[in-house]
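Student: Sharing a structure below in structure tokens format, with a few things to ask.
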Amino acid sequence: MLVLLGPTFEGSGDEYTRLARATGMLPYDLRTKLKPGMWGVVRALGDPAQAQELGQRLLDEGFQVALVDSAVCADADRRAVLVRSMRFEDEQVVFTVKDREMPIPYGALLVIVRGEVHTGGRPQSRGARTSSAALRAVVPTSADVAAFRASGSGEFDAYAAVDIHFITVLWAARIDVRRFDFSVLGDGTAATARSLDQLADALAERARIRVDRGSRISSVASFSSAGPSRSETPAPSSAHRPMGDAPTDERFDGYSRLIAEAERQTRKQRKQREPPAE
């Protein structure tokens with residue numbers, strides 16, 4: 001069980017002191033694991049009761065906390081479905097998924113996870129995940145943009161992507177920068193990582209949700225390949241899966257699912273704290 005600290009954490013000295021008091025950990029160790037403005041792993045505990053106890057202590061200190069089973073990383077019900085295009089309407093966004101349109105109210109959106117999907121061979125082995133290359137910023141250089149543009153030819157093994165998660169369903173809508181029609185941003189908009197960021201920000205503003213960009217630097221990424229596999233269940237509600245799955249990447253897929261589950265728990269906690277309607 002992962003005890004996660006949420007992005008409302010600002011990284012002040014007082015917050016690290018309170019964290020140290022609640023966890024029994026040294027402030028130095030906490031600073032290496034927890035960064036301001038993003039989800040981070042406080043501890044990974046095998047005993048759910050211990051995780052619950054620690055989570056409650058952190059909640060009592062006023063922190064944003066989620067307890068997430070690492071098995072969600074391999075949950076096939078949480079698969080990613082490719083979105084080919086979208087359009088914004090007053091109260092909803094309309095996704096084009098393969099040969100059908102899906103209108104989704106803005107209020108049904110949970111979080112947008114921005115990152116990079118790796119397919120085929122990787123530029124580094126899994127054992128080298130903590131190298132300086134793995135910690136570089138998500139914001140691309142001009143060379144990165146050129147790489148994204150050329151990746152459709154198979155010459156490169158990574159592409160920029162976002163996962164759009166929902167409050168009440170587990171599957172996610174994925175935008176692959178190489179295969180998405182960016183005309184929603186204006187005619188002639190190029191398929192680049194910058195355009196993808198602009199799209200994510202535009203959707204987040206309409207839905208009033210956050211864009212998570214911590215997949216390269218958050219400590220959550222270190223746990224994104226954990227958990228046993230489960231038998232696959234088609235989603236959403238189609239035995240023949242006509243909507244089209246996105247290519248998978250164990251690291252980014254797992255990270256995206258962990259973040260979505262943490263955000264989903266935060267929504268539930270917030271709703272429970274709301275006063276009952278009169």
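Residue numbering restarts at 1 for every chain of the structure tokens, chains are lettered A, B, ... in their displayed order, and ligands are numbered from 1 as they appear.
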Using only C-alpha atoms, which protein or nucleic acid residues come within 9 Å of Glu91 in chain A? Drop anything in the same chain fewer than 2 positions from it, and give the result as number ranges by chain.
Tutor: A: 88-89, 93, 104-107, 206
Student: Skipping near chain neighbours, those fewer than 2 positions away, what residues fall within 10 Å of Leu185 in chain A using only C-alpha atoms, listed as a VMD selection string?
Tutor: chain A and resid 86 to 88 181 to 183 187 to 190 195 to 196 198 to 199 202
Student: Could those selected residues go to a file with C-alpha atoms, as a PDB file, in the first residue's frame?
Tutor:
```pdb
ATOM      1  CA  MET A  86     -11.915  16.552 -29.825  1.00  0.00           C
ATOM      2  CA  ARG A  87     -14.027  19.647 -29.825  1.00  0.00           C
ATOM      3  CA  PHE A  88     -15.022  21.946 -27.000  1.00  0.00           C
ATOM      4  CA  ASP A 181      -5.924  16.159 -34.940  1.00  0.00           C
ATOM      5  CA  PHE A 182      -4.973  19.449 -33.270  1.00  0.00           C
ATOM      6  CA  SER A 183      -7.353  21.570 -35.360  1.00  0.00           C
ATOM      7  CA  ASP A 187      -6.223  25.470 -38.335  1.00  0.00           C
ATOM      8  CA  GLY A 188      -2.652  24.565 -39.162  1.00  0.00           C
ATOM      9  CA  THR A 189      -1.631  23.750 -35.583  1.00  0.00           C
ATOM     10  CA  ALA A 190       1.299  21.344 -35.753  1.00  0.00           C
ATOM     11  CA  SER A 195       0.586  21.841 -28.911  1.00  0.00           C
ATOM     12  CA  LEU A 196      -0.174  18.927 -26.626  1.00  0.00           C
ATOM     13  CA  GLN A 198      -1.656  23.844 -24.915  1.00  0.00           C
ATOM     14  CA  LEU A 199      -4.465  21.351 -25.459  1.00  0.00           C
ATOM     15  CA  ALA A 202      -7.214  24.410 -22.450  1.00  0.00           C
TER      16      ALA A 202
END
```
Student: What lies within 6 Å of Ala161 in chain A using only C-alpha atoms, ignoring chain neighbours under 2 positions off, as a ChimeraX atom specification?
Tutor: /A:115-116,175-177
Student: Find the residues near range 215-227 of chain A: any atom within 10 Å, counting only C-alpha atoms, skip ones fewer than 5 places away on the same chain, and give them as number ranges by chain.
Tutor: A: 2, 4-5, 32-42, 44, 69-75, 113-116, 129-130, 133-138, 249-259
Student: Write the residues of the preceding selection, restricted to C-alpha atoms, as a short mmCIF file (atom, residue, chain, number, x, y, z; two decimals), in the first residue's frame.
Tutor:
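Wrote part.cif, looks like this:
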```cif
data_model
loop_
_atom_site.label_atom_id
_atom_site.label_comp_id
_atom_site.auth_asym_id
_atom_site.auth_seq_id
_atom_site.Cartn_x
_atom_site.Cartn_y
_atom_site.Cartn_z
CA LEU A 2 1.38 3.39 -1.03
CA LEU A 4 0.84 9.37 -1.04
CA LEU A 5 1.16 13.05 -0.24
CA THR A 32 14.43 13.69 -1.34
CA LYS A 33 11.09 11.90 -1.70
CA LEU A 34 8.51 14.68 -1.66
CA LYS A 35 8.48 17.66 -3.99
CA PRO A 36 6.13 20.64 -3.90
CA GLY A 37 3.10 20.66 -6.18
CA MET A 38 3.02 16.97 -7.09
CA TRP A 39 2.06 13.59 -5.70
CA GLY A 40 4.85 11.79 -3.85
CA VAL A 41 5.27 8.55 -1.93
CA VAL A 42 5.72 9.02 1.80
CA ALA A 44 5.21 1.95 0.87
CA ASP A 69 -2.81 -0.13 -3.68
CA SER A 70 0.13 -0.49 -6.07
CA ALA A 71 -1.82 -3.25 -7.85
CA VAL A 72 -3.76 -0.56 -9.74
CA CYS A 73 -0.65 -0.17 -11.91
CA ALA A 74 -1.44 -3.48 -13.62
CA ASP A 75 -5.24 -3.26 -13.52
CA VAL A 113 -1.70 13.25 -16.75
CA ARG A 114 0.98 14.54 -19.12
CA GLY A 115 4.03 12.44 -19.90
CA GLU A 116 5.85 10.30 -22.39
CA ARG A 129 15.53 4.72 -14.08
CA THR A 130 17.11 7.13 -11.65
CA ALA A 133 18.35 11.37 -18.25
CA ALA A 134 15.29 10.01 -16.48
CA LEU A 135 14.97 13.18 -14.44
CA ARG A 136 15.02 15.74 -17.22
CA ALA A 137 12.10 18.14 -17.45
CA VAL A 138 8.96 17.31 -19.41
CA ASP A 249 4.06 1.50 -21.51
CA GLU A 250 4.34 -0.12 -18.11
CA ARG A 251 6.02 2.87 -16.49
CA PHE A 252 3.79 5.68 -17.77
CA ASP A 253 0.60 3.59 -17.65
CA GLY A 254 1.26 2.65 -14.03
CA TYR A 255 2.11 6.21 -13.04
CA SER A 256 -1.00 7.57 -14.74
CA ARG A 257 -3.23 5.03 -12.98
CA LEU A 258 -1.73 5.75 -9.57
CA ILE A 259 -2.24 9.49 -9.98
#
```
Student: Using Å and a single decimal, report how far CA of Gly13 in chain A sits from CA of Asp212 in chain A.
Tutor: 23.7 Å
Student: In range 19-78 of chain A, what's strand (DSSP E) per DSSP? Answer as a PyMOL selection string?
Tutor: chain A and resi 40-44+65-68
Student: Restricting it to N, CA and C atoms, dump the selection as a PDB file, in the first residue's frame.
Tutor:
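File produced: selection.pdb:
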```
ATOM      1  N   GLY A  40       3.626  12.480  -4.209  1.00  0.00           N
ATOM      2  CA  GLY A  40       4.854  11.786  -3.846  1.00  0.00           C
ATOM      3  C   GLY A  40       4.568  10.679  -2.857  1.00  0.00           C
ATOM      4  N   VAL A  41       5.446   9.691  -2.819  1.00  0.00           N
ATOM      5  CA  VAL A  41       5.273   8.545  -1.931  1.00  0.00           C
ATOM      6  C   VAL A  41       5.954   8.827  -0.596  1.00  0.00           C
ATOM      7  N   VAL A  42       5.161   8.875   0.462  1.00  0.00           N
ATOM      8  CA  VAL A  42       5.723   9.022   1.802  1.00  0.00           C
ATOM      9  C   VAL A  42       6.330   7.694   2.236  1.00  0.00           C
ATOM     10  N   ARG A  43       5.537   6.631   2.131  1.00  0.00           N
ATOM     11  CA  ARG A  43       6.020   5.295   2.458  1.00  0.00           C
ATOM     12  C   ARG A  43       5.233   4.261   1.678  1.00  0.00           C
ATOM     13  N   ALA A  44       5.875   3.121   1.423  1.00  0.00           N
ATOM     14  CA  ALA A  44       5.206   1.949   0.871  1.00  0.00           C
ATOM     15  C   ALA A  44       5.175   0.896   1.970  1.00  0.00           C
ATOM     16  N   VAL A  65      -3.825  13.527   1.408  1.00  0.00           N
ATOM     17  CA  VAL A  65      -3.283  12.174   1.495  1.00  0.00           C
ATOM     18  C   VAL A  65      -4.174  11.200   0.732  1.00  0.00           C
ATOM     19  N   ALA A  66      -3.550  10.206   0.111  1.00  0.00           N
ATOM     20  CA  ALA A  66      -4.279   9.106  -0.510  1.00  0.00           C
ATOM     21  C   ALA A  66      -3.537   7.810  -0.221  1.00  0.00           C
ATOM     22  N   LEU A  67      -4.285   6.743   0.010  1.00  0.00           N
ATOM     23  CA  LEU A  67      -3.728   5.409   0.199  1.00  0.00           C
ATOM     24  C   LEU A  67      -4.103   4.582  -1.021  1.00  0.00           C
ATOM     25  N   VAL A  68      -3.104   4.215  -1.818  1.00  0.00           N
ATOM     26  CA  VAL A  68      -3.368   3.565  -3.093  1.00  0.00           C
ATOM     27  C   VAL A  68      -2.651   2.225  -3.151  1.00  0.00           C
TER      28      VAL A  68
END
```
Student: So how far away is CA of Thr266 in chain A from CA of Val162 in chain A, in Å?
Tutor: 20.6 Å
